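Colleague: Got entry34.tsv for you, TSV, C-alpha atoms:
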chain	number	residue	atom	x	y	z
A	1	MET	CA	38.38	15.41	-33.90
A	2	PRO	CA	34.69	16.19	-34.60
A	3	VAL	CA	32.69	13.51	-36.37
A	4	ASP	CA	31.50	14.45	-39.85
A	5	TRP	CA	28.16	12.68	-39.70
A	6	ARG	CA	27.13	13.46	-43.28
A	7	GLU	CA	30.38	12.13	-44.70
A	8	LEU	CA	30.12	8.98	-42.59
A	9	TYR	CA	26.57	8.47	-43.76
A	10	ALA	CA	27.69	8.84	-47.37
A	11	GLN	CA	30.34	6.18	-46.77
A	12	ASN	CA	27.71	3.86	-45.35
A	13	GLN	CA	25.52	4.34	-48.39
A	14	ALA	CA	28.47	3.57	-50.67
A	15	ALA	CA	29.05	0.33	-48.77
A	16	LEU	CA	25.44	-0.66	-49.24
A	17	ALA	CA	25.54	0.12	-52.94
A	18	ASP	CA	28.67	-2.00	-53.39
A	19	ALA	CA	26.89	-4.88	-51.66
A	20	GLY	CA	23.89	-4.62	-53.94
A	21	VAL	CA	21.54	-3.78	-51.06
A	22	ARG	CA	18.37	-1.83	-51.82
A	23	LEU	CA	17.37	0.55	-49.03
A	24	PRO	CA	14.39	2.80	-48.39
A	25	ALA	CA	14.85	6.56	-48.83
A	26	PRO	CA	17.70	7.73	-46.57
A	27	THR	CA	17.24	9.99	-43.59
A	28	LEU	CA	20.04	11.88	-41.88
A	29	GLY	CA	20.70	10.59	-38.42
A	30	SER	CA	20.36	6.97	-39.52
A	31	PRO	CA	23.89	5.98	-40.61
A	32	MET	CA	23.18	2.35	-41.47
A	33	ARG	CA	24.72	-0.36	-43.58
A	34	ALA	CA	23.65	-3.89	-44.38
A	35	PRO	CA	24.99	-7.04	-46.04
A	36	GLY	CA	24.75	-8.45	-49.52
A	37	ARG	CA	24.77	-12.16	-50.22
A	38	SER	CA	28.21	-13.70	-49.58
A	39	ARG	CA	29.91	-10.42	-50.33
A	40	THR	CA	31.84	-7.69	-48.56
A	41	ALA	CA	30.87	-4.04	-48.62
A	42	ALA	CA	33.42	-1.24	-48.63
A	43	PRO	CA	33.14	2.42	-49.60
A	44	ARG	CA	35.47	3.61	-52.34
A	45	GLY	CA	38.05	6.31	-51.76
A	46	PRO	CA	40.63	7.24	-49.11
A	47	ARG	CA	38.43	6.38	-46.14
A	48	ALA	CA	38.26	2.66	-46.97
A	49	ALA	CA	39.81	1.86	-43.56
A	50	GLY	CA	36.46	2.80	-42.04
A	51	SER	CA	34.39	0.55	-44.29
A	52	THR	CA	32.05	-2.22	-43.19
A	53	LEU	CA	32.59	-5.79	-44.31
A	54	VAL	CA	29.80	-8.35	-44.22
A	55	HIS	CA	30.02	-12.10	-44.63
A	56	VAL	CA	26.97	-14.19	-45.49
A	57	PRO	CA	27.75	-17.93	-45.69
A	58	PRO	CA	27.17	-19.47	-49.12
A	59	GLY	CA	23.96	-21.46	-49.23
A	60	LEU	CA	22.32	-19.68	-46.30
A	61	ASP	CA	18.58	-19.60	-46.92
A	62	PRO	CA	17.61	-15.90	-47.35
A	63	ALA	CA	14.11	-16.60	-46.04
A	64	THR	CA	15.27	-18.25	-42.80
A	65	PRO	CA	16.13	-15.76	-40.03
A	66	ALA	CA	19.85	-16.02	-39.35
A	67	ALA	CA	21.86	-15.05	-36.29
A	68	VAL	CA	24.25	-12.11	-36.69
A	69	VAL	CA	27.61	-11.58	-34.97
A	70	PHE	CA	29.09	-8.08	-34.98
A	71	MET	CA	32.91	-8.19	-34.82
A	72	LEU	CA	34.78	-5.03	-33.75
A	73	HIS	CA	38.46	-4.89	-34.63
A	74	GLY	CA	41.26	-3.61	-32.42
A	75	CYS	CA	43.74	-0.76	-32.87
A	76	THR	CA	45.89	-0.76	-36.05
A	77	GLN	CA	43.43	-3.21	-37.64
A	78	ASP	CA	40.66	-2.78	-40.17
A	79	PRO	CA	37.68	-5.05	-40.94
A	80	ALA	CA	39.51	-7.05	-43.61
A	81	ALA	CA	42.56	-7.69	-41.42
A	82	PHE	CA	40.35	-8.60	-38.48
A	83	ALA	CA	38.25	-11.02	-40.51
A	84	ALA	CA	41.37	-12.73	-41.81
A	85	ALA	CA	43.07	-12.92	-38.40
A	86	THR	CA	40.09	-14.32	-36.51
A	87	ALA	CA	38.85	-16.72	-39.21
A	88	MET	CA	35.36	-15.98	-37.91
A	89	ASN	CA	34.01	-16.37	-41.45
A	90	THR	CA	35.03	-20.04	-41.37
A	91	THR	CA	33.11	-20.49	-38.11
A	92	ALA	CA	30.14	-18.69	-39.66
A	93	ASP	CA	30.18	-21.01	-42.67
A	94	ARG	CA	30.25	-24.01	-40.34
A	95	TYR	CA	27.29	-22.94	-38.17
A	96	GLY	CA	25.32	-20.70	-40.51
A	97	PHE	CA	25.33	-17.12	-39.19
A	98	VAL	CA	26.06	-13.71	-40.67
A	99	VAL	CA	29.16	-11.74	-39.62
A	100	VAL	CA	29.34	-7.93	-39.72
A	101	TYR	CA	32.68	-6.12	-39.38
A	102	PRO	CA	32.20	-2.37	-38.81
A	103	GLY	CA	35.29	-0.26	-39.42
A	104	GLN	CA	36.72	2.73	-37.58
A	105	PRO	CA	37.88	5.50	-39.97
A	106	ARG	CA	41.43	6.70	-39.26
A	107	ALA	CA	40.03	10.24	-39.40
A	108	ARG	CA	38.33	9.52	-36.06
A	109	ASN	CA	41.31	7.76	-34.50
A	110	ALA	CA	44.77	7.77	-36.06
A	111	GLN	CA	45.46	4.21	-34.87
A	112	GLY	CA	42.08	2.88	-35.93
A	113	CYS	CA	41.01	2.39	-32.30
A	114	TRP	CA	37.41	2.67	-31.21
A	115	ASN	CA	37.13	5.65	-28.85
A	116	TRP	CA	35.80	3.60	-25.92
A	117	PHE	CA	37.51	5.87	-23.38
A	118	LEU	CA	35.61	9.08	-24.24
A	119	PRO	CA	32.27	9.80	-22.51
A	120	GLU	CA	30.63	10.82	-25.79
A	121	HIS	CA	31.16	7.24	-27.04
A	122	GLN	CA	29.95	5.53	-23.87
A	123	GLN	CA	26.24	6.25	-24.13
A	124	ARG	CA	23.17	5.40	-26.14
A	125	GLY	CA	22.08	7.54	-29.06
A	126	ALA	CA	25.40	9.23	-29.82
A	127	GLY	CA	28.85	8.75	-31.25
A	128	GLU	CA	30.31	5.45	-32.40
A	129	PRO	CA	27.84	3.23	-30.48
A	130	GLU	CA	24.92	4.83	-32.32
A	131	LEU	CA	26.62	4.39	-35.69
A	132	ILE	CA	27.11	0.67	-35.06
A	133	ALA	CA	23.64	0.25	-33.57
A	134	GLY	CA	22.30	1.79	-36.76
A	135	ILE	CA	23.62	-1.17	-38.72
A	136	ALA	CA	21.81	-3.55	-36.39
A	137	ARG	CA	18.55	-1.64	-36.80
A	138	GLU	CA	18.81	-1.77	-40.57
A	139	LEU	CA	19.48	-5.50	-40.49
A	140	ILE	CA	16.34	-5.98	-38.40
A	141	GLY	CA	14.43	-4.02	-41.04
A	142	ASN	CA	14.39	-4.70	-44.75
A	143	GLY	CA	17.84	-3.45	-45.72
A	144	SER	CA	19.21	-6.87	-46.63
A	145	ARG	CA	18.23	-9.75	-48.83
A	146	GLN	CA	19.15	-12.06	-45.92
A	147	SER	CA	16.49	-12.39	-43.23
A	148	VAL	CA	17.98	-11.96	-39.74
A	149	ASP	CA	16.78	-13.06	-36.33
A	150	ARG	CA	16.45	-10.00	-34.10
A	151	ALA	CA	16.64	-12.20	-30.99
A	152	ARG	CA	20.06	-13.52	-32.04
A	153	MET	CA	22.08	-10.35	-32.63
A	154	PHE	CA	25.44	-10.55	-30.84
A	155	VAL	CA	28.54	-8.39	-30.50
A	156	ALA	CA	32.20	-9.27	-29.91
A	157	GLY	CA	35.50	-7.43	-30.16
A	158	LEU	CA	39.23	-7.39	-29.51
A	159	SER	CA	41.05	-4.77	-27.39
A	160	SER	CA	39.45	-1.37	-28.11
A	161	GLY	CA	36.85	-3.34	-30.08
A	162	GLY	CA	36.21	-5.48	-27.00
A	163	ALA	CA	35.68	-2.36	-24.91
A	164	MET	CA	33.30	-0.95	-27.54
A	165	ALA	CA	31.47	-4.29	-27.77
A	166	LEU	CA	30.75	-4.06	-24.05
A	167	ILE	CA	29.52	-0.49	-24.48
A	168	LEU	CA	27.10	-1.63	-27.18
A	169	ALA	CA	25.78	-4.49	-25.03
A	170	VAL	CA	25.30	-2.08	-22.12
A	171	CYS	CA	23.71	0.77	-24.05
A	172	TYR	CA	21.66	-1.34	-26.47
A	173	PRO	CA	20.43	-4.42	-24.55
A	174	ASP	CA	17.35	-4.32	-26.76
A	175	LEU	CA	19.52	-5.01	-29.83
A	176	PHE	CA	22.34	-7.29	-28.67
A	177	ALA	CA	21.51	-10.54	-26.90
A	178	ALA	CA	25.01	-11.24	-25.54
A	179	VAL	CA	28.57	-9.94	-25.66
A	180	ALA	CA	32.10	-11.37	-25.93
A	181	VAL	CA	35.06	-9.24	-24.82
A	182	HIS	CA	38.52	-10.39	-25.92
A	183	SER	CA	41.41	-8.53	-24.22
A	184	GLY	CA	39.15	-5.58	-23.47
A	185	LEU	CA	38.28	-3.09	-20.74
A	186	PRO	CA	35.39	-2.57	-18.27
A	187	TYR	CA	32.55	-0.17	-19.04
A	188	ARG	CA	33.35	3.47	-18.19
A	189	SER	CA	36.75	2.55	-16.77
A	190	ALA	CA	38.29	5.61	-18.47
A	191	GLU	CA	37.18	9.10	-19.44
A	192	ASP	CA	40.14	10.36	-21.50
A	193	VAL	CA	43.37	9.18	-23.12
A	194	THR	CA	45.36	9.46	-19.88
A	195	SER	CA	43.00	7.32	-17.84
A	196	ALA	CA	42.69	4.87	-20.75
A	197	PHE	CA	46.43	4.16	-20.75
A	198	ALA	CA	46.36	3.93	-16.96
A	199	VAL	CA	43.68	1.23	-16.83
A	200	MET	CA	45.25	-0.59	-19.79
A	201	GLY	CA	48.53	-0.75	-17.91
A	202	ARG	CA	47.04	-1.65	-14.56
A	203	ALA	CA	43.44	-2.75	-14.06
A	204	GLY	CA	41.72	-0.49	-11.60
A	205	ALA	CA	44.30	2.29	-12.01
A	206	GLY	CA	41.56	4.71	-13.02
A	207	ARG	CA	38.00	4.79	-11.80
A	208	THR	CA	36.55	1.34	-11.21
A	209	PRO	CA	32.80	1.56	-11.72
A	210	ASP	CA	30.73	-1.37	-10.52
A	211	GLY	CA	27.50	-2.71	-11.95
A	212	HIS	CA	25.60	0.45	-11.07
A	213	ALA	CA	27.16	2.23	-14.07
A	214	ILE	CA	25.81	-0.46	-16.40
A	215	ARG	CA	22.41	-0.53	-14.71
A	216	ALA	CA	22.11	3.25	-15.06
A	217	ALA	CA	23.11	3.15	-18.74
A	218	MET	CA	20.49	0.50	-19.49
A	219	GLY	CA	17.71	2.47	-17.85
A	220	GLU	CA	14.26	1.05	-18.48
A	221	ARG	CA	15.75	-1.52	-20.87
A	222	ALA	CA	17.75	-3.15	-18.07
A	223	ARG	CA	18.05	-6.93	-18.22
A	224	PRO	CA	20.74	-9.53	-17.50
A	225	VAL	CA	23.17	-9.67	-20.44
A	226	PRO	CA	25.23	-12.87	-20.91
A	227	SER	CA	28.96	-12.15	-21.26
A	228	LEU	CA	32.09	-14.06	-22.28
A	229	VAL	CA	35.52	-12.69	-21.38
A	230	ILE	CA	38.74	-13.97	-23.01
A	231	HIS	CA	42.21	-12.77	-22.02
A	232	GLY	CA	45.83	-13.91	-22.14
A	233	THR	CA	48.06	-13.95	-19.08
A	234	ALA	CA	51.00	-12.54	-21.08
A	235	ASP	CA	49.10	-9.51	-22.39
A	236	ARG	CA	51.38	-6.48	-22.08
A	237	THR	CA	49.00	-4.06	-23.77
A	238	VAL	CA	45.84	-4.53	-21.70
A	239	ALA	CA	46.47	-5.79	-18.16
A	240	PRO	CA	45.01	-9.31	-17.77
A	241	ASP	CA	43.24	-8.42	-14.51
A	242	ASN	CA	40.84	-6.30	-16.57
A	243	ALA	CA	39.11	-9.58	-17.44
A	244	ARG	CA	38.16	-10.13	-13.79
A	245	HIS	CA	36.97	-6.53	-13.50
A	246	ILE	CA	34.71	-6.96	-16.54
A	247	LEU	CA	33.26	-10.15	-15.11
A	248	ALA	CA	32.65	-8.59	-11.68
A	249	GLN	CA	31.05	-5.51	-13.21
A	250	SER	CA	28.80	-7.54	-15.53
A	251	MET	CA	27.79	-9.97	-12.78
A	252	HIS	CA	26.86	-7.14	-10.42
A	253	ALA	CA	24.88	-5.35	-13.14
A	254	ASN	CA	22.96	-8.50	-14.00
A	255	HIS	CA	22.02	-9.02	-10.37
A	256	LEU	CA	20.85	-5.41	-10.13
A	257	ALA	CA	18.72	-5.87	-13.24
A	258	ALA	CA	17.21	-9.14	-11.99
A	259	PRO	CA	17.64	-9.50	-8.20
A	260	ASP	CA	15.82	-12.84	-8.21
A	261	THR	CA	18.62	-14.42	-10.26
A	262	ARG	CA	21.75	-15.85	-8.72
A	263	ALA	CA	24.46	-13.42	-7.59
A	264	HIS	CA	27.69	-14.59	-9.21
A	265	ASP	CA	31.27	-14.23	-8.02
A	266	PRO	CA	34.22	-14.20	-10.49
A	267	ALA	CA	36.21	-16.25	-7.99
A	268	LYS	CA	33.55	-18.96	-7.72
A	269	PRO	CA	32.62	-20.41	-11.12
A	270	GLY	CA	29.96	-23.07	-11.29
A	271	ALA	CA	32.21	-25.18	-13.50
A	272	SER	CA	35.88	-24.96	-14.39
A	273	VAL	CA	37.97	-26.94	-16.88
A	274	SER	CA	41.70	-26.66	-17.58
A	275	ALA	CA	43.05	-28.04	-20.83
A	276	ARG	CA	45.69	-27.64	-23.50
A	277	ALA	CA	44.70	-26.26	-26.90
A	278	ASP	CA	45.75	-28.01	-30.08
A	279	GLY	CA	48.26	-25.21	-30.62
A	280	GLY	CA	49.95	-25.91	-27.30
A	281	LEU	CA	48.80	-23.22	-24.88
A	282	LEU	CA	47.13	-24.15	-21.60
A	283	TYR	CA	43.86	-22.44	-20.73
A	284	THR	CA	41.17	-22.41	-18.05
A	285	HIS	CA	37.53	-22.25	-19.07
A	286	ASN	CA	35.03	-21.15	-16.39
A	287	ARG	CA	31.22	-20.99	-16.49
A	288	TRP	CA	28.51	-19.43	-14.36
A	289	ILE	CA	24.86	-20.54	-14.59
A	290	ASP	CA	21.94	-18.44	-13.34
A	291	ALA	CA	19.03	-19.51	-11.13
A	292	ARG	CA	17.04	-20.62	-14.19
A	293	GLY	CA	19.82	-22.94	-15.29
A	294	ALA	CA	20.77	-20.67	-18.19
A	295	LEU	CA	24.38	-19.93	-19.15
A	296	MET	CA	25.12	-16.35	-18.07
A	297	HIS	CA	28.91	-15.86	-17.92
A	298	GLU	CA	32.02	-17.54	-19.24
A	299	SER	CA	35.72	-16.74	-19.00
A	300	ILE	CA	38.68	-18.20	-20.85
A	301	GLU	CA	42.13	-17.42	-19.46
A	302	VAL	CA	44.92	-18.47	-21.81
A	303	GLN	CA	48.37	-19.05	-20.31
A	304	GLY	CA	51.15	-17.37	-22.29
A	305	LEU	CA	48.83	-15.57	-24.71
A	306	GLY	CA	49.77	-11.96	-25.41
A	307	HIS	CA	47.62	-9.20	-26.86
A	308	ALA	CA	46.30	-11.35	-29.66
A	309	TRP	CA	43.21	-13.24	-30.86
A	310	SER	CA	43.38	-16.73	-29.36
A	311	GLY	CA	43.49	-19.48	-31.96
A	312	GLY	CA	43.68	-16.97	-34.80
A	313	ALA	CA	45.19	-17.44	-38.23
A	314	PRO	CA	48.99	-17.93	-38.38
A	315	GLY	CA	50.61	-14.63	-39.32
A	316	GLY	CA	47.37	-12.70	-38.86
A	317	SER	CA	47.11	-9.24	-37.36
A	318	HIS	CA	47.23	-9.61	-33.56
A	319	SER	CA	46.51	-13.35	-33.69
A	320	ASP	CA	48.10	-16.37	-32.02
A	321	PRO	CA	47.24	-19.83	-33.42
A	322	ARG	CA	48.60	-21.61	-30.32
A	323	GLY	CA	45.57	-20.89	-28.14
A	324	PRO	CA	42.03	-22.31	-28.15
A	325	SER	CA	39.88	-20.91	-30.94
A	326	ALA	CA	38.25	-17.73	-29.64
A	327	SER	CA	35.98	-17.66	-32.70
A	328	GLU	CA	34.64	-21.15	-31.99
A	329	ALA	CA	34.27	-20.38	-28.28
A	330	ILE	CA	32.46	-17.11	-28.94
A	331	TRP	CA	29.93	-18.69	-31.27
A	332	ALA	CA	29.34	-21.61	-28.89
A	333	PHE	CA	28.67	-19.14	-26.09
A	334	PHE	CA	26.37	-16.98	-28.21
A	335	ALA	CA	24.45	-20.01	-29.48
A	336	GLN	CA	23.73	-21.11	-25.91
A	337	ALA	CA	23.42	-17.78	-24.12
A	338	GLY	CA	21.09	-16.40	-26.77
A	339	LEU	CA	18.49	-19.14	-26.33
A	340	PRO	CA	16.54	-17.52	-23.43
A	341	ARG	CA	15.80	-14.47	-25.61
A	342	ILE	CA	14.48	-16.42	-28.57
A	343	GLN	CA	10.74	-15.96	-29.01
A	344	ALA	CA	8.53	-19.05	-29.19
A	345	GLY	CA	8.38	-20.47	-32.69
A	346	LEU	CA	11.64	-18.96	-33.95
A	347	PRO	CA	14.33	-21.37	-35.17
A	348	ARG	CA	17.13	-22.29	-32.78
A	349	ILE	CA	20.75	-22.92	-33.60
A	350	GLN	CA	22.49	-25.83	-31.96
A	351	ALA	CA	25.67	-24.90	-30.13
A	352	GLY	CA	28.99	-26.31	-31.23
A	353	ALA	CA	31.96	-27.25	-29.06
A	354	THR	CA	33.18	-24.49	-26.77
A	355	CYS	CA	36.87	-25.01	-27.52
A	356	ARG	CA	38.96	-27.46	-29.47
A	357	ALA	CA	41.38	-28.81	-26.91
A	358	THR	CA	43.42	-31.80	-25.93
A	359	PRO	CA	44.31	-32.93	-22.40
For this file, write the structure as structure tokens.
Modeller:
Amino acid sequence: MPVDWRELYAQNQAALADAGVRLPAPTLGSPMRAPGRSRTAAPRGPRAAGSTLVHVPPGLDPATPAAVVFMLHGCTQDPAAFAAATAMNTTADRYGFVVVYPGQPRARNAQGCWNWFLPEHQQRGAGEPELIAGIARELIGNGSRQSVDRARMFVAGLSSGGAMALILAVCYPDLFAAVAVHSGLPYRSAEDVTSAFAVMGRAGAGRTPDGHAIRAAMGERARPVPSLVIHGTADRTVAPDNARHILAQSMHANHLAAPDTRAHDPAKPGASVSARADGGLLYTHNRWIDARGALMHESIEVQGLGHAWSGGAPGGSHSDPRGPSASEAIWAFFAQAGLPRIQAGLPRIQAGATCRATP
């Protein structure tokens, strides 16, 4: 279904108005939204499922540049359900960062999925990636009363949101410092609905692009992008082996972008820890460090986890409280992986624990 850009832009402006954000004069082609202080923004009317929610922790100093985590929901979810299921706002309150939850209007996808499998949404400057990138650009500017740190802008997502998060990291490496993909798909692994279902059912069933696809999409902006991949072994919606494909693709792309850095292998992590989460599920946490000693890749494989947010709220949409907290793990990864991009003199955020677990 064609995208009605003017209507989407009007929705974005309504979200901003609800959040009390003052913006410069609007220009078509810049569909952007930004946060208000400790509030959520949502356009009124029947398209509310495509609204944007923003969480700013109470007490966050507006003058101090804060990190921002973009959270992209999965199919059948909306920003409010995703925020509740992941409890990412609680993590944000603990560590002091802003969370932005863009929403996919049902008019663009009946199930609320991000259209990661269509070529028009797999490139820079067009489609859904450009709409989301527009929010990031506005945050970097003066669209919010909360100052944000442009070197600490991150993106994460679940399922179709995980696939779209990877697209954003690939197509906008100048905006997003690192990416976390939970139960998602590799970049350009599908080109239509048929191939999307094929790769979801069996990793590698469709085309299996390597790092060259990512390197080409980045163009002159190419750089190594840190990535975290989380997946459950009991996922019956997105085949678990997609996690390894994402890692392999990202590792290859990073080596192409910076040949002098270490070439990583998904089968050979630099460090690996197996543990049991407080909720009872076993998991394996792997890490890969580059030649500079910087954290570049992580993976968390959760035994018995289905197609759900690990360590999410009990009863939440697509969440399983038995696993390690994906929200805590994602922030810990972002806090560490984002450090190499921070300019001299900018404030740094200390990383928290990667996962709450017991032996």
Colleague: Just to confirm, what's the straight-line distance from CA of Thr64 (chain A) to CA of Met88 (chain A) in Å (one decimal)?
Modeller: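 Atom-to-atom, CA of Thr64 (chain A) to CA of Met88 (chain A), that is 20.8 Å.
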Colleague: Write out as a list in words each polymer residue whose atoms come within 7 Å of region 209-219 of chain A, counting only C-alpha atoms; drop sequence neighbours fewer than 6 positions from it.
Modeller: Gln123, Val170, Cys171, Arg188, Ser189, Gln249, Ser250, His252, Ala253, Leu256 and Ala257 of chain A
Colleague: Looking at only C-alpha atoms, which of A:Glu191, A:Pro79, A:Tyr283, A:Val69 is the one that sits closest to Ala136 (chain A)?
Modeller: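 Under the stated criterion, the closest residue is A:Val69.
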Colleague: Can you work out the spacing between CA of Ala332 (chain A) and CA of Ala177 (chain A) in Å, to one decimal?
Modeller: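 Value for the CA of Ala332 (chain A)-CA of Ala177 (chain A) distance: 13.7 Å.
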Colleague: Please measure the separation of CA of Phe97 (chain A) and CA of Met71 (chain A), giving the value in Å to one decimal.
Modeller: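 Separating CA of Phe97 (chain A) from CA of Met71 (chain A) is a distance of 12.5 Å.
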Colleague: Could you give me, as a ChimeraX atom specification, the residues within 10 Å of region 109-115 of chain A, counting all atoms listed in the file and dropping anything in the same chain fewer than 6 positions from it?
Modeller: /A:1,49-50,72-78,103,121-122,127-129,159-165,192-193,196
Colleague: List as a list in words: which residues have an atom within 8 Å of (26.1, -13.2, -29.4), counting all atoms listed in the file?
Modeller: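 Residues with an atom close enough to that point: Val68, Val69, Arg152, Met153, Phe154, Val155, Ala156, Phe176, Ala177, Ala178, Val179, Ala180, Ile330, Trp331, Phe333, Phe334, Ala335, Ala337 and Gly338 of chain A.
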Colleague: Between A:Ala85, A:Leu295, A:Val98, A:Ala67, which has the minimum distance to Arg150 (chain A) (counting only C-alpha atoms)?
Modeller: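 Smallest distance to Arg150 (chain A) is found for A:Ala67.
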Colleague: For region 243-262 of chain A, what centre and edge lengths in Å (one decimal) does the axis-aligned box get once 5 Å is added on each side of all its listed atoms, as JSON?
Modeller:
{"center_x": 27.5, "center_y": -10.6, "center_z": -12.8, "size_x": 33.3, "size_y": 20.5, "size_z": 19.2}
Colleague: I need the residue nearest Ala66 (chain A) from this list: A:Pro119, A:Leu139, A:Arg292, A:Gly312. Use all atoms listed in the file for the distance.
Modeller: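 When distances to Ala66 (chain A) are compared using all atoms listed in the file, the smallest one comes from A:Leu139.
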Colleague: With only C-alpha atoms as the atoms that count, which of A:Gly96, A:Trp288, A:Leu175, A:Ala81 lies nearest to Gly59 (chain A)?
Modeller: A:Gly96
Colleague: I'd like the contact shell of Lys268 (chain A) - 10 Å cut-off, only C-alpha atoms, skipping same-chain residues fewer than 3 positions apart - returned as a list in words.
Modeller: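 Residues meeting the cut-off are His264, Asp265, Ala271, Ser272, Asn286, Arg287 and Trp288 of chain A.
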Colleague: Determine the nearest neighbour of Ala126 (chain A) from the options A:Ala263, A:Ile167, A:Gly279, A:Gly306, counting only C-alpha atoms.
Modeller: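 Among the listed residues, the smallest separation from Ala126 (chain A) belongs to A:Ile167.
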Colleague: A:Val54, A:His255, A:Ser227, A:Arg202: which is nearest Ile135 (chain A), counting all atoms listed in the file?
Modeller: A:Val54
Colleague: Fewer than 5 positions away in the same chain doesn't count, so skip those; otherwise give me all residues within 7 Å of Leu282 (chain A), counting only C-alpha atoms, as a VMD selection string.
Modeller: chain A and resid 275 to 277 302 to 303
Colleague: Take the selection from the previous step and output its residues with C-alpha atoms, as a PDB file, in the frame of the given file.
Modeller:
ATOM      1  CA  ALA A 275      43.050 -28.040 -20.830  1.00  0.00           C
ATOM      2  CA  ARG A 276      45.690 -27.640 -23.500  1.00  0.00           C
ATOM      3  CA  ALA A 277      44.700 -26.260 -26.900  1.00  0.00           C
ATOM      4  CA  VAL A 302      44.920 -18.470 -21.810  1.00  0.00           C
ATOM      5  CA  GLN A 303      48.370 -19.050 -20.310  1.00  0.00           C
TER       6      GLN A 303
END
Colleague: Can you write out as JSON lines which residues of region 139-234 of chain A fall within 12 Å of region 314-320 of chain A, alongside each residue's closest atom pair and its distance in Å to one decimal, counting only C-alpha atoms and ordering rows by chain and ascending residue number?
Modeller:
{"residue": "A:Leu158", "atom": "CA", "partner": "A:His318", "partner_atom": "CA", "distance": 9.2}
{"residue": "A:Ser159", "atom": "CA", "partner": "A:His318", "partner_atom": "CA", "distance": 10.0}
{"residue": "A:His182", "atom": "CA", "partner": "A:Ser319", "partner_atom": "CA", "distance": 11.5}
{"residue": "A:Ser183", "atom": "CA", "partner": "A:His318", "partner_atom": "CA", "distance": 11.1}
{"residue": "A:Gly232", "atom": "CA", "partner": "A:Asp320", "partner_atom": "CA", "distance": 10.4}
{"residue": "A:Ala234", "atom": "CA", "partner": "A:Asp320", "partner_atom": "CA", "distance": 11.9}
Colleague: If I only have part of region 177-188 of chain A, can you fill in N, CA and C atoms and write it as a compact mmCIF listing (two decimals), in the frame of the given file?
Modeller:
# COMPACT_ATOMS: atom_id res chain seq x y z
N ALA A 177 21.92 -9.52 -27.87
CA ALA A 177 21.51 -10.54 -26.90
C ALA A 177 22.61 -10.91 -25.93
N ALA A 178 23.88 -10.85 -26.37
CA ALA A 178 25.01 -11.24 -25.54
C ALA A 178 26.26 -10.59 -26.09
N VAL A 179 27.34 -10.62 -25.27
CA VAL A 179 28.57 -9.94 -25.66
C VAL A 179 29.78 -10.82 -25.35
N ALA A 180 30.82 -10.70 -26.17
CA ALA A 180 32.10 -11.37 -25.93
C ALA A 180 33.20 -10.32 -25.99
N VAL A 181 34.00 -10.24 -24.93
CA VAL A 181 35.06 -9.24 -24.82
C VAL A 181 36.41 -9.96 -24.80
N HIS A 182 37.20 -9.78 -25.83
CA HIS A 182 38.52 -10.39 -25.92
C HIS A 182 39.58 -9.31 -25.66
N SER A 183 40.32 -9.47 -24.56
CA SER A 183 41.41 -8.53 -24.22
C SER A 183 40.91 -7.09 -24.15
N GLY A 184 39.76 -6.89 -23.51
CA GLY A 184 39.15 -5.58 -23.47
C GLY A 184 39.16 -4.92 -22.10
N LEU A 185 38.31 -3.91 -21.95
CA LEU A 185 38.28 -3.09 -20.74
C LEU A 185 36.86 -2.98 -20.19
N PRO A 186 36.72 -2.73 -18.86
CA PRO A 186 35.39 -2.57 -18.27
C PRO A 186 34.67 -1.32 -18.80
N TYR A 187 33.37 -1.31 -18.62
CA TYR A 187 32.55 -0.17 -19.04
C TYR A 187 32.85 1.05 -18.18
N ARG A 188 33.07 2.18 -18.84
CA ARG A 188 33.35 3.47 -18.19
C ARG A 188 34.56 3.41 -17.24
